[in-house]
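> work-v2.txt is reproduced below (compact mmCIF, C-alpha atoms).
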```txt
# COMPACT_ATOMS: atom_id res chain seq x y z
CA MET A 1 67.44 64.19 138.94
CA ILE A 2 63.81 63.79 137.88
CA LYS A 3 61.39 65.28 140.43
CA HIS A 4 57.85 63.87 140.69
CA ASN A 5 55.18 66.38 141.75
CA GLU A 6 51.57 65.69 142.74
CA TYR A 7 48.72 68.19 142.86
CA PHE A 8 45.02 67.91 143.79
CA ALA A 9 45.58 64.68 145.74
CA GLY A 10 47.33 63.03 142.82
CA ALA A 11 44.76 63.99 140.19
CA VAL A 12 47.51 65.97 138.46
CA GLN A 13 51.07 64.70 138.45
CA SER A 14 54.23 65.88 136.74
CA LEU A 15 57.88 65.01 136.15
CA THR A 16 60.64 67.57 135.77
CA LEU A 17 62.70 67.83 132.59
CA ASP A 18 66.14 69.28 133.29
CA ASP A 19 69.04 70.60 131.23
CA HIS A 20 67.02 72.40 128.54
CA ASP A 21 66.95 76.13 127.71
CA LYS A 22 63.98 76.58 130.04
CA PRO A 23 62.71 74.50 132.95
CA ALA A 24 59.90 72.19 131.90
CA THR A 25 57.67 69.42 133.14
CA VAL A 26 55.63 66.71 131.50
CA GLY A 27 52.56 65.58 133.27
CA VAL A 28 49.12 64.02 133.28
CA MET A 29 45.82 65.59 134.33
CA SER A 30 42.95 63.31 135.31
CA VAL A 31 39.37 64.18 134.33
CA GLY A 32 38.24 67.13 136.43
CA ARG A 33 38.25 70.90 136.90
CA TYR A 34 41.31 72.71 138.21
CA GLU A 35 42.63 76.19 138.85
CA PHE A 36 46.36 76.78 138.62
CA GLY A 37 48.44 79.82 139.54
CA THR A 38 51.60 80.73 137.67
CA GLU A 39 54.77 82.37 138.88
CA ALA A 40 56.76 82.41 135.64
CA ALA A 41 54.94 82.59 132.31
CA GLU A 42 53.99 79.12 131.04
CA LEU A 43 53.72 77.56 127.60
CA MET A 44 51.36 74.60 127.83
CA LYS A 45 51.43 71.98 125.03
CA VAL A 46 48.75 69.29 124.86
CA ILE A 47 50.52 66.00 124.05
CA GLU A 48 47.54 63.67 124.16
CA GLY A 49 43.99 64.50 125.20
CA GLU A 50 42.04 67.76 125.57
CA LEU A 51 42.17 70.83 127.80
CA ILE A 52 39.35 73.39 127.95
CA VAL A 53 40.94 76.55 129.26
CA LYS A 54 39.80 79.91 130.64
CA LEU A 55 42.78 82.23 130.57
CA PRO A 56 43.13 85.28 132.86
CA GLY A 57 41.27 88.38 131.69
CA THR A 58 38.76 86.47 129.57
CA GLU A 59 35.42 84.75 130.10
CA ASP A 60 35.87 82.40 127.13
CA TRP A 61 36.52 78.69 127.51
CA ILE A 62 38.79 77.58 124.66
CA THR A 63 39.42 73.92 123.72
CA TYR A 64 42.97 72.75 123.05
CA LEU A 65 43.42 69.32 121.49
CA SER A 66 46.52 67.14 121.03
CA GLY A 67 49.30 69.04 119.33
CA THR A 68 48.04 72.52 120.22
CA GLN A 69 49.39 74.91 122.80
CA PHE A 70 48.60 78.07 124.77
CA HIS A 71 50.44 80.69 126.79
CA VAL A 72 49.65 81.71 130.36
CA PRO A 73 51.09 85.01 131.64
CA ALA A 74 53.29 85.12 134.75
CA ASN A 75 51.72 85.71 138.17
CA SER A 76 48.21 84.82 137.07
CA LYS A 77 45.52 82.17 137.56
CA PHE A 78 43.93 80.03 134.87
CA GLN A 79 41.15 77.47 134.94
CA LEU A 80 40.95 74.10 133.25
CA GLN A 81 38.25 71.60 132.44
CA VAL A 82 39.75 68.22 131.59
CA PRO A 83 37.22 65.93 129.84
CA VAL A 84 39.69 63.06 129.30
CA SER A 85 42.97 62.03 130.92
CA THR A 86 45.43 64.43 129.29
CA ALA A 87 49.21 64.48 128.91
CA TYR A 88 50.90 67.86 128.64
CA LEU A 89 54.28 69.56 128.45
CA CYS A 90 54.73 72.80 130.40
CA VAL A 91 57.66 75.08 129.62
CA TYR A 92 58.35 77.82 132.19
CA GLY A 93 59.70 81.31 131.58
CA MET B 1 44.14 57.09 138.77
CA ILE B 2 47.57 58.20 137.56
CA LYS B 3 50.28 55.64 138.34
CA HIS B 4 53.89 56.82 138.80
CA ASN B 5 56.57 54.32 137.73
CA GLU B 6 60.33 54.48 138.33
CA TYR B 7 63.03 52.52 136.51
CA PHE B 8 66.83 52.41 136.81
CA ALA B 9 66.77 53.89 140.34
CA GLY B 10 64.65 56.82 139.24
CA ALA B 11 66.70 57.71 136.16
CA VAL B 12 63.61 56.96 134.09
CA GLN B 13 60.15 57.81 135.40
CA SER B 14 56.70 57.67 133.86
CA LEU B 15 53.06 58.53 134.50
CA THR B 16 50.14 56.50 133.16
CA LEU B 17 47.58 58.02 130.82
CA ASP B 18 44.22 56.26 131.13
CA ASP B 19 40.94 56.22 129.18
CA HIS B 20 42.39 56.43 125.66
CA ASP B 21 42.14 53.87 122.82
CA LYS B 22 45.41 52.32 123.93
CA PRO B 23 47.26 52.40 127.25
CA ALA B 24 49.98 55.03 127.29
CA THR B 25 52.53 56.68 129.50
CA VAL B 26 54.41 59.94 129.42
CA GLY B 27 57.79 60.01 130.99
CA VAL B 28 61.25 61.46 131.33
CA MET B 29 64.59 59.74 130.73
CA SER B 30 67.70 61.17 132.35
CA VAL B 31 71.02 61.24 130.48
CA GLY B 32 72.33 57.67 130.25
CA ARG B 33 72.18 54.33 128.44
CA TYR B 34 69.29 51.94 128.94
CA GLU B 35 67.91 48.66 127.65
CA PHE B 36 64.18 48.11 127.76
CA GLY B 37 62.13 45.02 127.06
CA THR B 38 58.64 45.16 125.57
CA GLU B 39 55.62 42.95 126.11
CA ALA B 40 53.13 44.70 123.81
CA ALA B 41 54.38 46.59 120.77
CA GLU B 42 55.28 50.20 121.62
CA LEU B 43 55.06 53.47 119.73
CA MET B 44 57.58 55.89 121.23
CA LYS B 45 57.18 59.63 120.53
CA VAL B 46 59.93 62.06 121.50
CA ILE B 47 58.24 65.11 123.05
CA GLU B 48 61.32 67.10 124.00
CA GLY B 49 64.95 66.02 123.77
CA GLU B 50 66.74 63.25 121.85
CA LEU B 51 66.83 59.46 121.88
CA ILE B 52 69.49 57.43 120.05
CA VAL B 53 67.97 54.02 119.52
CA LYS B 54 69.16 50.55 118.48
CA LEU B 55 66.08 48.55 117.58
CA PRO B 56 65.95 44.73 117.69
CA GLY B 57 67.42 42.96 114.66
CA THR B 58 69.64 45.88 113.66
CA GLU B 59 73.12 47.17 114.53
CA ASP B 60 72.31 50.77 113.60
CA TRP B 61 71.92 53.54 116.16
CA ILE B 62 69.27 55.96 114.90
CA THR B 63 68.71 59.45 116.36
CA TYR B 64 65.15 60.60 117.10
CA LEU B 65 64.63 64.27 117.92
CA SER B 66 61.61 66.15 119.33
CA GLY B 67 58.49 65.45 117.32
CA THR B 68 59.68 62.16 115.81
CA GLN B 69 58.67 58.64 116.72
CA PHE B 70 59.61 54.99 116.33
CA HIS B 71 57.99 51.58 116.72
CA VAL B 72 59.29 48.72 118.84
CA PRO B 73 57.91 45.22 118.19
CA ALA B 74 56.26 43.21 120.97
CA ASN B 75 58.34 40.83 123.09
CA SER B 76 61.66 42.37 122.16
CA LYS B 77 64.52 44.40 123.65
CA PHE B 78 65.77 47.77 122.47
CA GLN B 79 68.66 49.97 123.56
CA LEU B 80 68.75 53.70 124.13
CA GLN B 81 71.42 56.34 124.48
CA VAL B 82 69.97 59.52 126.01
CA PRO B 83 72.30 62.52 125.52
CA VAL B 84 69.93 65.04 127.16
CA SER B 85 67.03 64.75 129.59
CA THR B 86 64.21 63.63 127.31
CA ALA B 87 60.43 63.60 127.60
CA TYR B 88 58.53 60.91 125.69
CA LEU B 89 55.07 59.46 125.13
CA CYS B 90 54.79 55.68 124.87
CA VAL B 91 51.64 54.11 123.42
CA TYR B 92 51.25 50.36 124.01
CA GLY B 93 49.62 47.81 121.73
```
As a first step, turn the structure in this file into structure tokens.


Amino acid sequence: MIKHNEYFAGAVQSLTLDDHDKPATVGVMSVGRYEFGTEAAELMKVIEGELIVKLPGTEDWITYLSGTQFHVPANSKFQLQVPVSTAYLCVYG
Amino acid sequence: MIKHNEYFAGAVQSLTLDDHDKPATVGVMSVGRYEFGTEAAELMKVIEGELIVKLPGTEDWITYLSGTQFHVPANSKFQLQVPVSTAYLCVYG
């Protein structure tokens, strides 16, 4: 069953994708600045839009455009600037 | 604001993606068979999974895997077989 999740008062929303090798979600981030915490490691793929990301252990903000991806370690926090409504795929584990 | 849409009693769900050249949604389709009708033309991109599609005016079922896409004309119906939970991006117009 598809589960719909909302974060930051609906500014970020996601849908679960079941029955694949690893749990995953697709979602949309509205324009804004966010901090997320991970439990499992996460592979984030930008489907459409742009994410500017500060990964744990670095002070650099790196831009990821449509079709690019980045890894976030488990049990860590990462920060995002979202300059345009952005669709993403997140694969856990 | 992100809008969450549900179809077929939640078996298909989508999230709107605003502020791009064309309106778009990302979504998930559960395993099943569906028929959709279009108003505007639609570009469907398979993000993760598999869609088996019968487009209007043809009797052929064509398989689209992750990373592939297909076009559906405006004001038409198309049929889908979804063998695994599938994430997609739909761009309208």

> Expressed in Å to a single decimal, how great is the separation between atom CA of A:Asp21 and atom CA of B:Trp61?

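Taking atom CA of A:Asp21 and atom CA of B:Trp61, their separation equals 25.9 Å.
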
> To one decimal place, how far is atom CA of B:Pro23 from atom CA of B:Phe36 in Å?

17.5 Å

> So that each row is one residue of chain A with an atom at most 9 Å from chain B, can you give its shortest atom pair and the distance in Å to one decimal, using only C-alpha atoms, rows by chain and rising number, as JSON lines?


```
{"residue": "A:Met1", "atom": "CA", "partner": "B:Ala11", "partner_atom": "CA", "distance": 7.1}
{"residue": "A:Ile2", "atom": "CA", "partner": "B:Ala11", "partner_atom": "CA", "distance": 6.9}
{"residue": "A:His4", "atom": "CA", "partner": "B:His4", "partner_atom": "CA", "distance": 8.3}
{"residue": "A:Gly10", "atom": "CA", "partner": "B:Ile2", "partner_atom": "CA", "distance": 7.1}
{"residue": "A:Ala11", "atom": "CA", "partner": "B:Ile2", "partner_atom": "CA", "distance": 7.0}
{"residue": "A:Val12", "atom": "CA", "partner": "B:Ile2", "partner_atom": "CA", "distance": 7.8}
{"residue": "A:Gln13", "atom": "CA", "partner": "B:Ile2", "partner_atom": "CA", "distance": 7.4}
{"residue": "A:Ser14", "atom": "CA", "partner": "B:Leu15", "partner_atom": "CA", "distance": 7.8}
{"residue": "A:Leu15", "atom": "CA", "partner": "B:Val28", "partner_atom": "CA", "distance": 6.9}
{"residue": "A:Thr16", "atom": "CA", "partner": "B:Val28", "partner_atom": "CA", "distance": 7.6}
{"residue": "A:Leu17", "atom": "CA", "partner": "B:Ser85", "partner_atom": "CA", "distance": 6.1}
{"residue": "A:Asp18", "atom": "CA", "partner": "B:Ser85", "partner_atom": "CA", "distance": 5.9}
{"residue": "A:Asp19", "atom": "CA", "partner": "B:Ser85", "partner_atom": "CA", "distance": 6.4}
{"residue": "A:His20", "atom": "CA", "partner": "B:Ser85", "partner_atom": "CA", "distance": 7.7}
{"residue": "A:Thr25", "atom": "CA", "partner": "B:Ala87", "partner_atom": "CA", "distance": 8.5}
{"residue": "A:Val26", "atom": "CA", "partner": "B:Ala87", "partner_atom": "CA", "distance": 6.9}
{"residue": "A:Gly27", "atom": "CA", "partner": "B:Val26", "partner_atom": "CA", "distance": 7.1}
{"residue": "A:Val28", "atom": "CA", "partner": "B:Leu17", "partner_atom": "CA", "distance": 6.7}
{"residue": "A:Met29", "atom": "CA", "partner": "B:Ile2", "partner_atom": "CA", "distance": 8.3}
{"residue": "A:Ser30", "atom": "CA", "partner": "B:Met1", "partner_atom": "CA", "distance": 7.2}
{"residue": "A:Ile47", "atom": "CA", "partner": "B:Ile47", "partner_atom": "CA", "distance": 7.8}
{"residue": "A:Glu48", "atom": "CA", "partner": "B:Leu89", "partner_atom": "CA", "distance": 8.7}
{"residue": "A:Gly49", "atom": "CA", "partner": "B:His20", "partner_atom": "CA", "distance": 8.2}
{"residue": "A:Val84", "atom": "CA", "partner": "B:Asp19", "partner_atom": "CA", "distance": 7.0}
{"residue": "A:Ser85", "atom": "CA", "partner": "B:Asp18", "partner_atom": "CA", "distance": 5.9}
{"residue": "A:Thr86", "atom": "CA", "partner": "B:Leu17", "partner_atom": "CA", "distance": 6.9}
{"residue": "A:Ala87", "atom": "CA", "partner": "B:Val26", "partner_atom": "CA", "distance": 6.9}
{"residue": "A:Tyr88", "atom": "CA", "partner": "B:Val26", "partner_atom": "CA", "distance": 8.7}
{"residue": "A:Leu89", "atom": "CA", "partner": "B:Ile47", "partner_atom": "CA", "distance": 8.0}
```

> Could those selected residues go to a file with C-alpha atoms, as a PDB file, in the coordinates of the input?


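Output (out38.pdb):
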```
ATOM      1  CA  MET A   1      67.440  64.190 138.940  1.00  0.00           C
ATOM      2  CA  ILE A   2      63.810  63.790 137.880  1.00  0.00           C
ATOM      3  CA  HIS A   4      57.850  63.870 140.690  1.00  0.00           C
ATOM      4  CA  GLY A  10      47.330  63.030 142.820  1.00  0.00           C
ATOM      5  CA  ALA A  11      44.760  63.990 140.190  1.00  0.00           C
ATOM      6  CA  VAL A  12      47.510  65.970 138.460  1.00  0.00           C
ATOM      7  CA  GLN A  13      51.070  64.700 138.450  1.00  0.00           C
ATOM      8  CA  SER A  14      54.230  65.880 136.740  1.00  0.00           C
ATOM      9  CA  LEU A  15      57.880  65.010 136.150  1.00  0.00           C
ATOM     10  CA  THR A  16      60.640  67.570 135.770  1.00  0.00           C
ATOM     11  CA  LEU A  17      62.700  67.830 132.590  1.00  0.00           C
ATOM     12  CA  ASP A  18      66.140  69.280 133.290  1.00  0.00           C
ATOM     13  CA  ASP A  19      69.040  70.600 131.230  1.00  0.00           C
ATOM     14  CA  HIS A  20      67.020  72.400 128.540  1.00  0.00           C
ATOM     15  CA  THR A  25      57.670  69.420 133.140  1.00  0.00           C
ATOM     16  CA  VAL A  26      55.630  66.710 131.500  1.00  0.00           C
ATOM     17  CA  GLY A  27      52.560  65.580 133.270  1.00  0.00           C
ATOM     18  CA  VAL A  28      49.120  64.020 133.280  1.00  0.00           C
ATOM     19  CA  MET A  29      45.820  65.590 134.330  1.00  0.00           C
ATOM     20  CA  SER A  30      42.950  63.310 135.310  1.00  0.00           C
ATOM     21  CA  ILE A  47      50.520  66.000 124.050  1.00  0.00           C
ATOM     22  CA  GLU A  48      47.540  63.670 124.160  1.00  0.00           C
ATOM     23  CA  GLY A  49      43.990  64.500 125.200  1.00  0.00           C
ATOM     24  CA  VAL A  84      39.690  63.060 129.300  1.00  0.00           C
ATOM     25  CA  SER A  85      42.970  62.030 130.920  1.00  0.00           C
ATOM     26  CA  THR A  86      45.430  64.430 129.290  1.00  0.00           C
ATOM     27  CA  ALA A  87      49.210  64.480 128.910  1.00  0.00           C
ATOM     28  CA  TYR A  88      50.900  67.860 128.640  1.00  0.00           C
ATOM     29  CA  LEU A  89      54.280  69.560 128.450  1.00  0.00           C
TER      30      LEU A  89
END
```

> Go ahead and compute the interatomic distance for atom CA of B:Tyr34 and atom CA of A:Tyr7, in Å to one decimal.

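Those two atoms sit 29.7 Å apart.
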
> With 8 Å on each side, where is the centre of the axis-aligned box around all listed atoms of stretch 56-67 of chain A, and how long are its edges in Å to one decimal, as lines of an AutoDock Vina configuration file?


```
center_x = 42.4
center_y = 77.8
center_z = 126.1
size_x = 29.9
size_y = 37.2
size_z = 29.5
```
